[in-house]
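Worksheet for the structure shown next.
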Amino acid sequence: MSEYSPEHAAAWAQRLGPADVQAAAERIAGRVIHTPTLRCPRLDALADAPVELFLKAENMQRIGAFKARGAMHAVGRLDPEARARGVITFSSGNHAQAVALAAREFGVPATIAMPIDAPKVKVAVVRELGATVVMAGYTSEDRRKVAYELADQSGAAIIQPFDHPDIVCGQGTATAELLASAAQLGVTLDVIVVPVGGGGVIAGACVASREVNTPIYSVEPEGCDALACSLEAEERVAVEPGPTLADGLKPVRVGALNFEIAKIDVQGSFRVNDDELGRALVQVLVRAKTLVEPSGAAGVAVALRETKRLREQLGVQGRPLRVGVIMTGGNVDPALVAELINEWGAQA
């Protein structure tokens with residue numbers, strides 16, 4: 001799939017399907033973790049109507065986030081000669097760690113352009129994995145420019161954070177596993193809620209779900225809602241990211257391929273604020289006994305808040321709404337966790 005270019009995103013959006021996700025799953029088998037799908041009735045009880053949440057625990061993935069899937073797939077798909085020259089990417093944290101891990105697995109050097117305000121815990125892990133870190137501005141565009149400059153100088157391959165079929169299909173393996181886990185329980189999911197940064201994981205969710213037609217909904221932080229704004233405008237637009245706890249969900253705009261896929265498959269969009277993100281993080285920690293980062297808690301926040309509305313929209317009656325949630329990662333500063341527990345622990 002190396003021939004992809006954003007100019008052909010619309011055609012690629014039509015072309016991709018579950019078979020491409022399955023092929024990615026076979027390529028990365030043994031290099032990533034088949035993470036569990038968690039059930040927690042005590043968490044369900046917090047919703048505004050009957051619901052059963054099926055939590056895809058990508059916080060338990062290698063490097064603590066789903067990004068390991070796409071990066072391992074993309075680096076593995078490079079021509080060996082090109083891969084030997086090294087890889088470069090630009091990321092606020094989780095993709096940075098994922099590419100550093102993949103580079104180490106394949107024995108090649110990695111250079112990562114990260115934002116000046118990247119969480120220290122994420123920067124430290126990237127360096128521990130053997131990658132070189134270059135601090136580059138505050139936005140995804142700042143990081144992208146620096147990464148391409150470095151690639152021009154070194155001849156290393158750019159590993160896109162989200163806008164490439166190899167990334168999309170790799171990320172889609174998480175949703176494929178979620179759907180399979182639900183099916184093993186005899187359950188058909190009514191809806192899947194997916195956090196959105198650059199859009200790789202929601203595009204992958206859409207592609208993985210195309211044969212089962214499970215509705216996909218997006219969730220983004222208020223003020224960092226590039227996908228929702230783009231879908232509303234019916235064209236890909238840039239959004240200057242505002243402050244948010246969800247540092248992994250603040251690109252300037254979503255990928256071209258991811259937007260084209262979302263136009264076809266995403267059924268609706270939700271926005272969450274920092275209070276909802278912080279509260280959901282603590283609720284997952286206290287009730288489901290698992291730690292997610294604010295970005296990873298976004299889907300839970302929406303699922304608990306919007307159950308009644310989704311039941312009405314989807315016509316679910318006489319049983320709980322069955323919601324799949326991609327908990328995208330668990331890389332969070334312990335000091336922030338302590339602060340959020342202090343603020344929201346009594347309501348968890």
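Quick note on naming: the chains in the structure tokens go A, B, ... in the order shown, residues restart at 1 in each chain, and ligands are numbered from 1 in order of appearance.
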Could you find all residues in region 45-257 of chain A that DSSP calls alpha helix (DSSP H) from the backbone, and write them as a ChimeraX atom specification? /A:67-77,80-84,94-106,120-128,140-154,165-184,200-208,226-233,256-257
Can you tell me, as a list of chain:residue names, what residues are no more than 10 Å from Asn273 (chain A) when counting only C-alpha atoms, ignoring any on the same chain fewer than 6 positions away? A:Glu220, A:Pro221, A:Glu222, A:Gly223, A:Thr244, A:Leu245, A:Ala246, A:Ala298, A:Ala301
Contacts of Arg27 (chain A) at 9 Å (only C-alpha atoms; same-chain gap of 2+ positions) as a ChimeraX atom specification: /A:22-25,29-31,72-73,76-77
What residues in region 191-268 of chain A get the DSSP label strand (DSSP E or B)? Please answer as a PyMOL selection string. chain A and resi 191-195+216-221+266-268
Using only C-alpha atoms, which protein or nucleic acid residues come within 9 Å of region 135-149 of chain A? Drop anything in the same chain fewer than 3 positions from it, and give the result as a VMD selection string. chain A and resid 88 to 92 111 to 118 152 to 154 158 240 to 241 250 to 253
Excluding Ala71 (chain A) and residues on its chain fewer than 2 positions from it, collect all residues at most 7 Å away from it, counting only C-alpha atoms, and give them as a PyMOL selection string. chain A and resi 67-69+73-75+98-99+102+167
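Close contacts of Val123 (chain A), defined as residues with an atom at most 9 Å away when counting only C-alpha atoms, with chain neighbours fewer than 3 positions off set aside, comprise Ser92, Gly93, Ala96, Gln97, Met114, Ala118, Pro119, Lys120, Val126, Arg127, Glu128 and Val133 of chain A.
Between Val332 (chain A) and the candidates A:Ala183, A:Leu281, A:Val51, A:Leu43, the tightest atom-to-atom separation, counting only C-alpha atoms, involves A:Leu281.
Rounded to one decimal, CA of Gly248 (chain A) and CA of Glu52 (chain A) lie 26.2 Å from each other.
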For Ala47 (chain A), which of A:Glu306, A:Glu260, A:Asp333, A:Asp79 is the closest residue, counting only C-alpha atoms?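 Closest to Ala47 (chain A), using only C-alpha atoms: A:Glu306.
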Between A:Pro50, A:Gly330, A:Gly70, A:Gly199, single out the one closest to Ser230 (chain A), counting only C-alpha atoms.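 The answer is A:Gly199, which sits nearest to Ser230 (chain A).
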Selection near Ala10 (chain A), 10 Å with only C-alpha atoms, sequence-local residues under 4 positions removed, as a list in words: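 Close residues of Ala10 (chain A): Pro6, Gln14, Arg15, Ala256, Leu257, Asn258, Phe259, Glu260, Ile261, Lys263 and Ile264 of chain A.
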Since we have the selection now, will you write its residues out, keeping N, CA, C and O atoms, as a CSV table (one decimal), in the first residue's frame?
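And here is the file that came out, part.csv:
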chain,number,residue,atom,x,y,z
A,6,PRO,N,-2.3,11.4,-0.3
A,6,PRO,CA,-3.6,12.1,0.1
A,6,PRO,C,-4.5,12.5,-1.0
A,6,PRO,O,-5.7,12.6,-0.9
A,14,GLN,N,-12.8,4.1,-0.4
A,14,GLN,CA,-13.8,3.1,-1.0
A,14,GLN,C,-13.2,1.7,-1.1
A,14,GLN,O,-13.9,0.7,-1.0
A,15,ARG,N,-11.9,1.7,-1.3
A,15,ARG,CA,-11.2,0.4,-1.6
A,15,ARG,C,-11.0,-0.4,-0.4
A,15,ARG,O,-11.0,-1.7,-0.5
A,256,ALA,N,-6.4,13.0,5.6
A,256,ALA,CA,-7.2,13.0,4.4
A,256,ALA,C,-7.9,11.7,4.2
A,256,ALA,O,-9.2,11.7,3.9
A,257,LEU,N,-7.2,10.6,4.3
A,257,LEU,CA,-7.9,9.3,4.2
A,257,LEU,C,-8.9,9.0,5.3
A,257,LEU,O,-10.0,8.6,5.0
A,258,ASN,N,-8.5,9.4,6.5
A,258,ASN,CA,-9.4,9.2,7.6
A,258,ASN,C,-10.7,10.0,7.5
A,258,ASN,O,-11.8,9.5,7.8
A,259,PHE,N,-10.6,11.2,7.0
A,259,PHE,CA,-11.8,12.0,6.8
A,259,PHE,C,-12.7,11.4,5.7
A,259,PHE,O,-13.9,11.3,5.8
A,260,GLU,N,-12.1,10.9,4.6
A,260,GLU,CA,-12.9,10.3,3.5
A,260,GLU,C,-13.6,9.1,4.0
A,260,GLU,O,-14.8,8.8,3.7
A,261,ILE,N,-13.0,8.3,4.9
A,261,ILE,CA,-13.6,7.1,5.4
A,261,ILE,C,-14.7,7.5,6.4
A,261,ILE,O,-15.8,7.0,6.4
A,263,LYS,N,-16.5,10.2,6.3
A,263,LYS,CA,-17.7,10.7,5.6
A,263,LYS,C,-18.6,9.6,5.2
A,263,LYS,O,-19.8,9.8,5.2
A,264,ILE,N,-18.0,8.4,4.9
A,264,ILE,CA,-18.8,7.3,4.5
A,264,ILE,C,-19.5,6.6,5.7
A,264,ILE,O,-20.7,6.2,5.7
Pick the closest to Thr290 (chain A) from A:Asn213, A:Gln171, A:Gln160, A:Thr37: which is it, counting only C-alpha atoms?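 Using only C-alpha atoms, Thr290 (chain A) sits closest to A:Thr37.
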With distances taken over only C-alpha atoms, which residue among A:Val219, A:Val32, A:Leu227, A:Leu78 lies nearest Arg271 (chain A)?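 Of A:Val219, A:Val32, A:Leu227, A:Leu78, the one nearest Arg271 (chain A) is A:Val219, counting only C-alpha atoms.
Among the candidates A:Leu38, A:Arg279, A:Gly172, A:Arg305, the residue lying nearest to Glu339 (chain A) is A:Arg279 (atoms considered: only C-alpha atoms).
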